[in-house]
Amino acid sequence: MPDVTSPATALAITPAEVAGVLTAVRERHPLVHCMTNIVVAGFTANVLLAVGAAPAMVENDQEAAEFAAIADALLVNLGTLSAETARAMRLASASARRHERPWVLDPVAVGAMRFRTDLSAELLEQGPAVIRGNSSEVLSLAGAAGAGRGVDSTVGSEAAIDIARELAVRTGAVVAVSGAVDYLTDGTDLVEVHTGHPLMTQVTGVGCALGALVAACCGTGAPPLLAAAAATTILTVAAEESAAVSAGPGSFAVGLLDALANLDEQTIESRVRAREDAR
Amino acid sequence: MPDVTSPATALAITPAEVAGVLTAVRERHPLVHCMTNIVVAGFTANVLLAVGAAPAMVENDQEAAEFAAIADALLVNLGTLSAETARAMRLASASARRHERPWVLDPVAVGAMRFRTDLSAELLEQGPAVIRGNSSEVLSLAGAAGAGRGVDSTVGSEAAIDIARELAVRTGAVVAVSGAVDYLTDGTDLVEVHTGHPLMTQVTGVGCALGALVAACCGTGAPPLLAAAAATTILTVAAEESAAVSAGPGSFAVGLLDALANLDEQTIESRVRAREDAR
Amino acid sequence: MPDVTSPATALAITPAEVAGVLTAVRERHPLVHCMTNIVVAGFTANVLLAVGAAPAMVENDQEAAEFAAIADALLVNLGTLSAETARAMRLASASARRHERPWVLDPVAVGAMRFRTDLSAELLEQGPAVIRGNSSEVLSLAGAAGAGRGVDSTVGSEAAIDIARELAVRTGAVVAVSGAVDYLTDGTDLVEVHTGHPLMTQVTGVGCALGALVAACCGTGAPPLLAAAAATTILTVAAEESAAVSAGPGSFAVGLLDALANLDEQTIESRVRAREDAR
């Protein structure tokens with residue numbers, strides 16, 4: 001394990017803490033302002049509703065700033081950009097910062113095309129609470145933010161740990177790197193999440209829904225690292241529950257929503273333990 | 001019960017009348033021009049297909065007016081606005097009025113932001129056949145239309161009855177207020193729909209799909225109050241059917257489409273009766 | 001059978017060839033650039049993921065040309081146009097042509113409105129590898145392309161065979177006409193696909209997903225007629241598999257994704273044989 005990860009323990013965040021965040025979401029119904037893509041908007045809303053959050057999709061440049069000021073948290077997902085949504089994202093993230101609302105940046109496909117790479121660099125200046133992406137996106141974003149690293153789409157999430165930590169230090173954001181193992185860091189501490197299932201990659205929008213779930217957990221007032229780790233654990237444990245009873249990706253996606261709605265601390269505990277025992 | 005509701009009986013519309021409208025939808029396949037939001041577009045189309053209607057989503061300002069003139073009914077849902085869709089909605093509703101096509105206004109989140117509040121007030125002048133919203137939206141719309149009432153997002157559907165009746169009288173539209181109990185009025189008569197299930201609020205787009213279903217029923221030529229009441233009963237009875245066999249919100253949404261496709265008069269009758277017996 | 005179809009045998013493409021294309025998709029994970037409509041974007045992505053392809057929705061005019069140059073295939077579906085997506089489609093199809101990437105045109109609702117009829121005629125000049133539509137769309141497109149034939153929305157797919165062949169000859173594209181029986185032609189040969197199920201028409205986006213699947217199969221390097229026939233067989237056989245265990249259109253759509261993920265050569269073979277034996 002590289003030196004940079006030494007301050008972290010293998011599981012700094014307990015199942016009880018995860019369950020505590022889930023309970024807070026269910027009790028407070030945080031209003032999550034979602035600026036996300038047309039592919040996953042419906043699934044994202046359903047994931048948020050399944051855990052008890054209140055999603056609202058507002059993406060036009062007339063309303064985005066106004067709504068970011070009243071929501072409990074904001075998600076900015078670059079999946080399907082247009083000129084108008086890009087404008088609206090700039091306005092909304094600036095408004096979230098001004099009104100001290102936590103916001104989450106999901107830099108989908110950053111690095112692949114200049115329009116979204118430039119936009120990402122601009123948005124970073126509005127101080128997201130959490131940046132969530134796969135390892136390629138995190139590496140690209142770090143490059144866009146001036147770290148001078150190139151893009152490598154073939155790296156695993158482990159390889160992105162050092163870069164993630166640098167990016168966290170430079171931006172002040174928690175950086176969450178999704179993969180077979182999820183790595184989350186605030187620049188000092190590192191949390192690993194080992195739960196999850198390969199079917200998560202065979203359904204569109206599971207990663208995007210994770211970004212939204214992180215925003216919902218931030219919207220309860222939980223500190224960003226706890227919020228991000230809780231959201232990741234909640235989604236990956238529910239994915240294991242669903243995969244256990246699914247016949248394929250279609251029934252897996254349906255079962256994931258059911259599992260999120262039915263998730264309890266005992267299930268979280270036993271699934272996390274099972275992963276620990278297997279290592 | 002307030003005085004304003006006295007002209008209405010508790011169930012002015014019978015299960016047989018509801019089944020009659022459903023049969024008309026299945027036989028005539030009304031073409032429903034949907035201008036709706038990116039979150040629920042797919043689910044809305046599937047709800048319409050499940051009952052036998054023919055959905056078509058046309059939202060650009062080049063085609064909206066042209067298509068509104070040939071469709072059997074139009075749905076205007078303000079869920080996710082953009083400058084272009086707002087323009088297209090003005091053109092389409094004006095075209096629907098000019099060509100005497102019934103159209104339904106679903107003023108999602110009106111009152112929360114000025115852009116959509118102003119747009120709603122403008123659209124009201126094109127004479128919708130039905131306005132469908134939750135109580136907050138109906139109250140906001142009434143305010144936007146000049147009634148001078150404030151917005152109160154905490155009110156139940158019952159509290160909106162008086163306002164709904166005023167709004168119906170002023171606009172000439174049937175006003176349908178969704179909630180645990182649905183209230184529908186043309187300004188004179190009041191219809192209550194008691195069927196339904198809490199899972200309807202844990203899936204995105206069920207309310208939006210109701211607006212589309214109202215448009216489909218209007219598209220058969222049924223009078224607006226009957227069309228709106230039939231659509232509400234059809235959706236809420238199917239929701240009860242699905243909830244009875246669902247493990248959570250994911251399987252509920254899937255089962256709702258199955259239940260809509262399989263719905264018959266006997267099921268409507270027995271579910272409506274069961275609610276009456278329970279009161 | 002009309003003279004124009006005489007060069008074709010009833011089943012020029014074998015189940016083994018279909019399975020070969022499916023295997024190629026699963027092994028090569030072709031990157032499919034989808035420009036499709038807001039109603040079906042999520043379902044389209046899930047269909048592509050279920051067969052092992054890699055979908056990416058890029059529809060803005062800043063990125064479309066750049067992305068079309070790096071994707072393995074491009075889908076242009078006219079379902080929900082806007083001024084921006086129309087511009088982006090022109091750029092992307094031109095880029096695909098320039099970079100010799102196969103692209104598929106799905107002219108949804110062409111003929112019904114001038115905006116998309118004009119756009120289709122323009123796009124045709126960029127040399128799509130495959131044109132996929134129902135018989136009305138193919139007839140309208142042939143008219144838009146100068147064949148001088150009118151639109152007839154009541155014709156079955158059989159009636160469109162002659163027109164499809166002419167269109168194929170004139171454009172150099174394979175033309176795939178969807179219906180109870182699917183007809184596919186490159187202007188010389190004709191392939192018929194008899195598998196399928198009526199539930200395919202009760203779920204939104206099944207036809208649109210077929211266009212995407214054709215693009216995925218083209219993205220493996222398969223010749224367009226084989227790619228289109230394989231995609232059609234894969235989707236219709238999976239539809240039969242799903243329909244056999246579905247309670248309605250909701251569970252059918254979910255089961256279709258499961259069936260696509262689980263599809264094997266033996267299932268394709270037995271379903272195709274069963275249709276042949278029934279004729």
# chains A, B, ... in the order shown; residues from 1 in each chain; ligands from 1

$ interface_residues --of "chain C" --to "chain B" --cutoff "8 Å" --atoms "only C-alpha atoms" --output "list of chain:residue names"
C:Ile38, C:Val39, C:Val40, C:Gly79, C:Thr80, C:Leu81, C:Ser82, C:Ala83, C:Met113, C:Phe115, C:Gln202, C:Val203, C:Thr204, C:Ala247, C:Gly248, C:Pro249, C:Gly250, C:Ser251, C:Val254

$ residues_around --residues "B:Val177" --least-positions-apart "5" --cutoff "8 Å" --atoms "only C-alpha atoms" --output "ChimeraX atom specification"
/B:132-135,138,157,160-161,164,182-184

$ residues_around --residues "B:Arg98" --least-positions-apart "5" --cutoff "12 Å" --atoms "only C-alpha atoms" --output "PyMOL selection string"
chain B and resi 65-66+68-70+91-93+103+126-128

$ write_last_selection --atoms "C-alpha atoms" --output "PDB file, in the first residue's frame"
ATOM      1  CA  ALA B  65     -47.728  23.602 -33.187  1.00  0.00           C
ATOM      2  CA  GLU B  66     -47.996  21.398 -36.265  1.00  0.00           C
ATOM      3  CA  ALA B  68     -50.723  19.631 -31.659  1.00  0.00           C
ATOM      4  CA  ALA B  69     -53.117  20.199 -34.557  1.00  0.00           C
ATOM      5  CA  ILE B  70     -53.129  16.532 -35.572  1.00  0.00           C
ATOM      6  CA  LEU B  91     -47.087  27.397 -29.638  1.00  0.00           C
ATOM      7  CA  ALA B  92     -48.568  23.960 -29.007  1.00  0.00           C
ATOM      8  CA  SER B  93     -51.229  25.069 -26.524  1.00  0.00           C
ATOM      9  CA  TRP B 103     -55.169  19.807 -23.664  1.00  0.00           C
ATOM     10  CA  GLN B 126     -55.075  28.988 -23.952  1.00  0.00           C
ATOM     11  CA  GLY B 127     -57.938  27.246 -22.192  1.00  0.00           C
ATOM     12  CA  PRO B 128     -56.763  23.851 -20.954  1.00  0.00           C
TER      13      PRO B 128
END

$ residues_around --residues "stretch 209-226 of chain A" --least-positions-apart "5" --cutoff "7 Å" --atoms "only C-alpha atoms" --output "ChimeraX atom specification"
/A:21,24-25,28,30,32,44,47-48,53,72-75,102-104,106,129-130,132,174,185-186,231-232,235

$ write_last_selection --atoms "C-alpha atoms" --output "PDB file, in the first residue's frame"
ATOM      1  CA  VAL A  21     -26.769   8.468   7.538  1.00  0.00           C
ATOM      2  CA  ALA A  24     -31.112  10.727   8.475  1.00  0.00           C
ATOM      3  CA  VAL A  25     -31.999  10.669   4.757  1.00  0.00           C
ATOM      4  CA  ARG A  28     -35.170  14.534   6.739  1.00  0.00           C
ATOM      5  CA  PRO A  30     -33.252  16.133   1.763  1.00  0.00           C
ATOM      6  CA  VAL A  32     -31.632  17.184  -3.983  1.00  0.00           C
ATOM      7  CA  THR A  44     -31.586   8.694 -10.556  1.00  0.00           C
ATOM      8  CA  VAL A  47     -32.919   5.791  -6.513  1.00  0.00           C
ATOM      9  CA  LEU A  48     -33.320   8.993  -4.492  1.00  0.00           C
ATOM     10  CA  ALA A  53     -34.735  11.754  -0.509  1.00  0.00           C
ATOM     11  CA  ASP A  72     -30.350  20.850   0.542  1.00  0.00           C
ATOM     12  CA  ALA A  73     -27.712  19.663  -1.932  1.00  0.00           C
ATOM     13  CA  LEU A  74     -26.860  19.901  -5.629  1.00  0.00           C
ATOM     14  CA  LEU A  75     -25.658  17.264  -8.091  1.00  0.00           C
ATOM     15  CA  PRO A 102     -22.958  21.126  -0.514  1.00  0.00           C
ATOM     16  CA  TRP A 103     -22.649  20.106  -4.130  1.00  0.00           C
ATOM     17  CA  VAL A 104     -21.303  17.030  -5.902  1.00  0.00           C
ATOM     18  CA  ASP A 106     -19.717  13.913 -11.394  1.00  0.00           C
ATOM     19  CA  ALA A 129     -17.989  19.059  -1.461  1.00  0.00           C
ATOM     20  CA  VAL A 130     -17.431  15.772  -3.279  1.00  0.00           C
ATOM     21  CA  ARG A 132     -17.209  11.320  -7.802  1.00  0.00           C
ATOM     22  CA  VAL A 174     -13.624  14.683  -0.961  1.00  0.00           C
ATOM     23  CA  THR A 185     -10.334  10.427   0.417  1.00  0.00           C
ATOM     24  CA  ASP A 186     -10.461  13.917   1.841  1.00  0.00           C
ATOM     25  CA  ALA A 231     -23.766   6.532   0.007  1.00  0.00           C
ATOM     26  CA  THR A 232     -21.264   4.163  -1.600  1.00  0.00           C
ATOM     27  CA  LEU A 235     -25.676   1.475  -2.985  1.00  0.00           C
TER      28      LEU A 235
END

$ residues_around --residues "C:Val193" --least-positions-apart "3" --cutoff "10 Å" --atoms "only C-alpha atoms" --output "ChimeraX atom specification"
/C:10-11,13,178-184,196,229-230,232-233,236-237,272,275

$ write_last_selection --atoms "N, CA and C atoms" --output "PDB file, in the first residue's frame"
ATOM      1  N   ALA C  10     -35.393 -17.383 -48.206  1.00  0.00           N
ATOM      2  CA  ALA C  10     -36.225 -17.067 -47.042  1.00  0.00           C
ATOM      3  C   ALA C  10     -35.372 -16.835 -45.794  1.00  0.00           C
ATOM      4  N   LEU C  11     -34.246 -17.476 -45.723  1.00  0.00           N
ATOM      5  CA  LEU C  11     -33.397 -17.256 -44.544  1.00  0.00           C
ATOM      6  C   LEU C  11     -31.941 -17.314 -44.980  1.00  0.00           C
ATOM      7  N   ILE C  13     -29.543 -15.789 -43.694  1.00  0.00           N
ATOM      8  CA  ILE C  13     -28.611 -15.640 -42.573  1.00  0.00           C
ATOM      9  C   ILE C  13     -28.941 -16.665 -41.504  1.00  0.00           C
ATOM     10  N   SER C 178     -39.150  -2.632 -40.157  1.00  0.00           N
ATOM     11  CA  SER C 178     -39.671  -3.379 -39.011  1.00  0.00           C
ATOM     12  C   SER C 178     -41.165  -3.588 -39.136  1.00  0.00           C
ATOM     13  N   GLY C 179     -41.627  -4.694 -38.606  1.00  0.00           N
ATOM     14  CA  GLY C 179     -43.048  -5.011 -38.623  1.00  0.00           C
ATOM     15  C   GLY C 179     -43.248  -6.387 -38.030  1.00  0.00           C
ATOM     16  N   ALA C 180     -44.453  -6.949 -38.208  1.00  0.00           N
ATOM     17  CA  ALA C 180     -44.714  -8.300 -37.712  1.00  0.00           C
ATOM     18  C   ALA C 180     -43.665  -9.255 -38.306  1.00  0.00           C
ATOM     19  N   VAL C 181     -43.387  -9.061 -39.599  1.00  0.00           N
ATOM     20  CA  VAL C 181     -42.200  -9.672 -40.209  1.00  0.00           C
ATOM     21  C   VAL C 181     -41.255  -8.529 -40.546  1.00  0.00           C
ATOM     22  N   ASP C 182     -39.980  -8.698 -40.278  1.00  0.00           N
ATOM     23  CA  ASP C 182     -38.995  -7.679 -40.632  1.00  0.00           C
ATOM     24  C   ASP C 182     -38.384  -8.021 -41.979  1.00  0.00           C
ATOM     25  N   TYR C 183     -38.275  -7.013 -42.861  1.00  0.00           N
ATOM     26  CA  TYR C 183     -37.638  -7.199 -44.171  1.00  0.00           C
ATOM     27  C   TYR C 183     -36.392  -6.326 -44.230  1.00  0.00           C
ATOM     28  N   LEU C 184     -35.295  -6.920 -44.652  1.00  0.00           N
ATOM     29  CA  LEU C 184     -34.039  -6.178 -44.738  1.00  0.00           C
ATOM     30  C   LEU C 184     -33.434  -6.405 -46.120  1.00  0.00           C
ATOM     31  N   GLY C 196     -40.308 -12.668 -33.126  1.00  0.00           N
ATOM     32  CA  GLY C 196     -40.824 -11.428 -32.552  1.00  0.00           C
ATOM     33  C   GLY C 196     -42.106 -11.661 -31.782  1.00  0.00           C
ATOM     34  N   ALA C 229     -29.460  -7.838 -39.839  1.00  0.00           N
ATOM     35  CA  ALA C 229     -30.249  -9.059 -39.674  1.00  0.00           C
ATOM     36  C   ALA C 229     -29.957  -9.718 -38.335  1.00  0.00           C
ATOM     37  N   ALA C 230     -28.683  -9.702 -37.934  1.00  0.00           N
ATOM     38  CA  ALA C 230     -28.321 -10.288 -36.640  1.00  0.00           C
ATOM     39  C   ALA C 230     -28.976  -9.511 -35.508  1.00  0.00           C
ATOM     40  N   THR C 232     -31.647  -7.703 -35.560  1.00  0.00           N
ATOM     41  CA  THR C 232     -33.095  -7.920 -35.565  1.00  0.00           C
ATOM     42  C   THR C 232     -33.436  -9.284 -34.978  1.00  0.00           C
ATOM     43  N   THR C 233     -32.659 -10.284 -35.345  1.00  0.00           N
ATOM     44  CA  THR C 233     -32.919 -11.632 -34.822  1.00  0.00           C
ATOM     45  C   THR C 233     -32.652 -11.690 -33.318  1.00  0.00           C
ATOM     46  N   THR C 236     -35.557  -9.863 -31.499  1.00  0.00           N
ATOM     47  CA  THR C 236     -36.866 -10.512 -31.586  1.00  0.00           C
ATOM     48  C   THR C 236     -36.886 -11.868 -30.881  1.00  0.00           C
ATOM     49  N   VAL C 237     -35.769 -12.580 -30.911  1.00  0.00           N
ATOM     50  CA  VAL C 237     -35.704 -13.848 -30.169  1.00  0.00           C
ATOM     51  C   VAL C 237     -35.742 -13.573 -28.660  1.00  0.00           C
ATOM     52  N   VAL C 272     -35.799 -19.645 -34.014  1.00  0.00           N
ATOM     53  CA  VAL C 272     -35.873 -19.432 -35.467  1.00  0.00           C
ATOM     54  C   VAL C 272     -36.487 -20.657 -36.147  1.00  0.00           C
ATOM     55  N   ARG C 275     -40.292 -20.889 -35.784  1.00  0.00           N
ATOM     56  CA  ARG C 275     -40.998 -20.013 -36.724  1.00  0.00           C
ATOM     57  C   ARG C 275     -41.048 -20.621 -38.119  1.00  0.00           C
TER      58      ARG C 275
END

$ atom_distance --atom1 "atom CA of C:Leu119" --atom2 "atom CA of C:Ser95"
16.3 Å

$ select_by_dssp --residues "stretch 49-230 of chain A" --states "helix (DSSP H, G or I)" --output "ChimeraX atom specification"
/A:49-51,64-70,83-98,114-124,135-147,158-171,198-201,206-218,224-230

$ residues_around --residues "stretch 264-270 of chain B" --least-positions-apart "6" --cutoff "7 Å" --atoms "only C-alpha atoms" --output "list in words"
Pro15, Ala16, Ala19 and Val237 of chain B

$ closest_residue --among "A:Thr195, A:Ala142, A:Leu31, A:Arg97" --to "A:Ala278" --atoms "only C-alpha atoms"
A:Thr195

$ closest_residue --among "A:Ser140, A:Ser120, A:Thr201, A:Thr14" --to "A:Arg90" --atoms "only C-alpha atoms"
A:Ser120

$ select_by_dssp --residues "stretch 130-275 of chain B" --states "strand (DSSP E or B)" --output "PyMOL selection string"
chain B and resi 130-134+174-178+182-185+190-193

$ write_last_selection --atoms "N, CA and C atoms" --output "compact mmCIF listing (two decimals), in the first residue's frame"
# COMPACT_ATOMS: atom_id res chain seq x y z
N VAL B 130 -58.20 20.42 -18.79
CA VAL B 130 -57.97 19.93 -17.43
C VAL B 130 -56.65 20.49 -16.90
N ILE B 131 -56.65 20.89 -15.64
CA ILE B 131 -55.43 21.24 -14.92
C ILE B 131 -55.23 20.18 -13.86
N ARG B 132 -54.06 19.53 -13.87
CA ARG B 132 -53.81 18.49 -12.87
C ARG B 132 -52.56 18.81 -12.06
N GLY B 133 -52.67 18.81 -10.74
CA GLY B 133 -51.51 19.07 -9.92
C GLY B 133 -51.75 18.61 -8.51
N ASN B 134 -50.72 18.71 -7.67
CA ASN B 134 -50.98 18.47 -6.25
C ASN B 134 -51.53 19.75 -5.64
N VAL B 174 -61.51 21.80 -15.96
CA VAL B 174 -61.64 20.89 -14.83
C VAL B 174 -60.33 20.95 -14.05
N VAL B 175 -60.42 21.03 -12.72
CA VAL B 175 -59.21 21.06 -11.90
C VAL B 175 -59.15 19.77 -11.10
N ALA B 176 -58.03 19.03 -11.26
CA ALA B 176 -57.85 17.75 -10.58
C ALA B 176 -56.71 17.88 -9.58
N VAL B 177 -57.04 17.70 -8.29
CA VAL B 177 -56.05 17.85 -7.23
C VAL B 177 -55.67 16.47 -6.72
N SER B 178 -54.41 16.09 -6.93
CA SER B 178 -53.94 14.77 -6.52
C SER B 178 -53.54 14.77 -5.05
N ASP B 182 -58.06 12.04 -4.13
CA ASP B 182 -58.04 12.97 -5.27
C ASP B 182 -59.38 13.69 -5.35
N TYR B 183 -59.32 15.02 -5.56
CA TYR B 183 -60.53 15.81 -5.73
C TYR B 183 -60.53 16.40 -7.13
N LEU B 184 -61.65 16.27 -7.81
CA LEU B 184 -61.76 16.80 -9.18
C LEU B 184 -63.03 17.62 -9.29
N THR B 185 -62.93 18.79 -9.89
CA THR B 185 -64.12 19.64 -10.00
C THR B 185 -64.12 20.42 -11.31
N LEU B 190 -68.22 17.96 -7.85
CA LEU B 190 -66.97 17.51 -7.23
C LEU B 190 -66.94 15.99 -7.23
N VAL B 191 -65.85 15.42 -7.72
CA VAL B 191 -65.68 13.97 -7.69
C VAL B 191 -64.52 13.65 -6.77
N GLU B 192 -64.71 12.66 -5.91
CA GLU B 192 -63.62 12.19 -5.05
C GLU B 192 -63.17 10.81 -5.53
N VAL B 193 -61.85 10.60 -5.54
CA VAL B 193 -61.33 9.27 -5.86
C VAL B 193 -60.52 8.80 -4.66

$ decode --residues "stretch 132-146 of chain B" --atoms "N, CA and C atoms" --output "PDB file, in the first residue's frame"
ATOM      1  N   ARG B 132     -54.059  19.530 -13.867  1.00  0.00           N
ATOM      2  CA  ARG B 132     -53.805  18.489 -12.869  1.00  0.00           C
ATOM      3  C   ARG B 132     -52.565  18.813 -12.061  1.00  0.00           C
ATOM      4  N   GLY B 133     -52.675  18.813 -10.744  1.00  0.00           N
ATOM      5  CA  GLY B 133     -51.509  19.068  -9.924  1.00  0.00           C
ATOM      6  C   GLY B 133     -51.752  18.609  -8.505  1.00  0.00           C
ATOM      7  N   ASN B 134     -50.725  18.709  -7.667  1.00  0.00           N
ATOM      8  CA  ASN B 134     -50.976  18.466  -6.252  1.00  0.00           C
ATOM      9  C   ASN B 134     -51.527  19.752  -5.641  1.00  0.00           C
ATOM     10  N   SER B 135     -51.865  19.726  -4.371  1.00  0.00           N
ATOM     11  CA  SER B 135     -52.563  20.875  -3.798  1.00  0.00           C
ATOM     12  C   SER B 135     -51.706  22.129  -3.830  1.00  0.00           C
ATOM     13  N   SER B 136     -50.409  21.997  -3.587  1.00  0.00           N
ATOM     14  CA  SER B 136     -49.533  23.173  -3.617  1.00  0.00           C
ATOM     15  C   SER B 136     -49.521  23.804  -5.002  1.00  0.00           C
ATOM     16  N   GLU B 137     -49.433  22.949  -6.007  1.00  0.00           N
ATOM     17  CA  GLU B 137     -49.377  23.471  -7.375  1.00  0.00           C
ATOM     18  C   GLU B 137     -50.690  24.159  -7.755  1.00  0.00           C
ATOM     19  N   VAL B 138     -51.788  23.565  -7.337  1.00  0.00           N
ATOM     20  CA  VAL B 138     -53.091  24.170  -7.658  1.00  0.00           C
ATOM     21  C   VAL B 138     -53.237  25.510  -6.938  1.00  0.00           C
ATOM     22  N   LEU B 139     -52.804  25.569  -5.685  1.00  0.00           N
ATOM     23  CA  LEU B 139     -52.873  26.840  -4.953  1.00  0.00           C
ATOM     24  C   LEU B 139     -51.982  27.888  -5.613  1.00  0.00           C
ATOM     25  N   SER B 140     -50.785  27.486  -6.002  1.00  0.00           N
ATOM     26  CA  SER B 140     -49.869  28.429  -6.643  1.00  0.00           C
ATOM     27  C   SER B 140     -50.424  28.926  -7.963  1.00  0.00           C
ATOM     28  N   LEU B 141     -51.002  28.009  -8.702  1.00  0.00           N
ATOM     29  CA  LEU B 141     -51.544  28.366 -10.009  1.00  0.00           C
ATOM     30  C   LEU B 141     -52.703  29.343  -9.846  1.00  0.00           C
ATOM     31  N   ALA B 142     -53.515  29.101  -8.834  1.00  0.00           N
ATOM     32  CA  ALA B 142     -54.636  30.007  -8.573  1.00  0.00           C
ATOM     33  C   ALA B 142     -54.094  31.393  -8.256  1.00  0.00           C
ATOM     34  N   GLY B 143     -53.012  31.461  -7.486  1.00  0.00           N
ATOM     35  CA  GLY B 143     -52.378  32.737  -7.185  1.00  0.00           C
ATOM     36  C   GLY B 143     -51.828  33.377  -8.438  1.00  0.00           C
ATOM     37  N   ALA B 144     -51.165  32.574  -9.245  1.00  0.00           N
ATOM     38  CA  ALA B 144     -50.573  33.086 -10.481  1.00  0.00           C
ATOM     39  C   ALA B 144     -51.650  33.610 -11.417  1.00  0.00           C
ATOM     40  N   ALA B 145     -52.831  33.023 -11.298  1.00  0.00           N
ATOM     41  CA  ALA B 145     -53.918  33.413 -12.178  1.00  0.00           C
ATOM     42  C   ALA B 145     -54.690  34.613 -11.624  1.00  0.00           C
ATOM     43  N   GLY B 146     -54.237  35.154 -10.509  1.00  0.00           N
ATOM     44  CA  GLY B 146     -54.835  36.382 -10.015  1.00  0.00           C
ATOM     45  C   GLY B 146     -55.748  36.241  -8.816  1.00  0.00           C
TER      46      GLY B 146
END
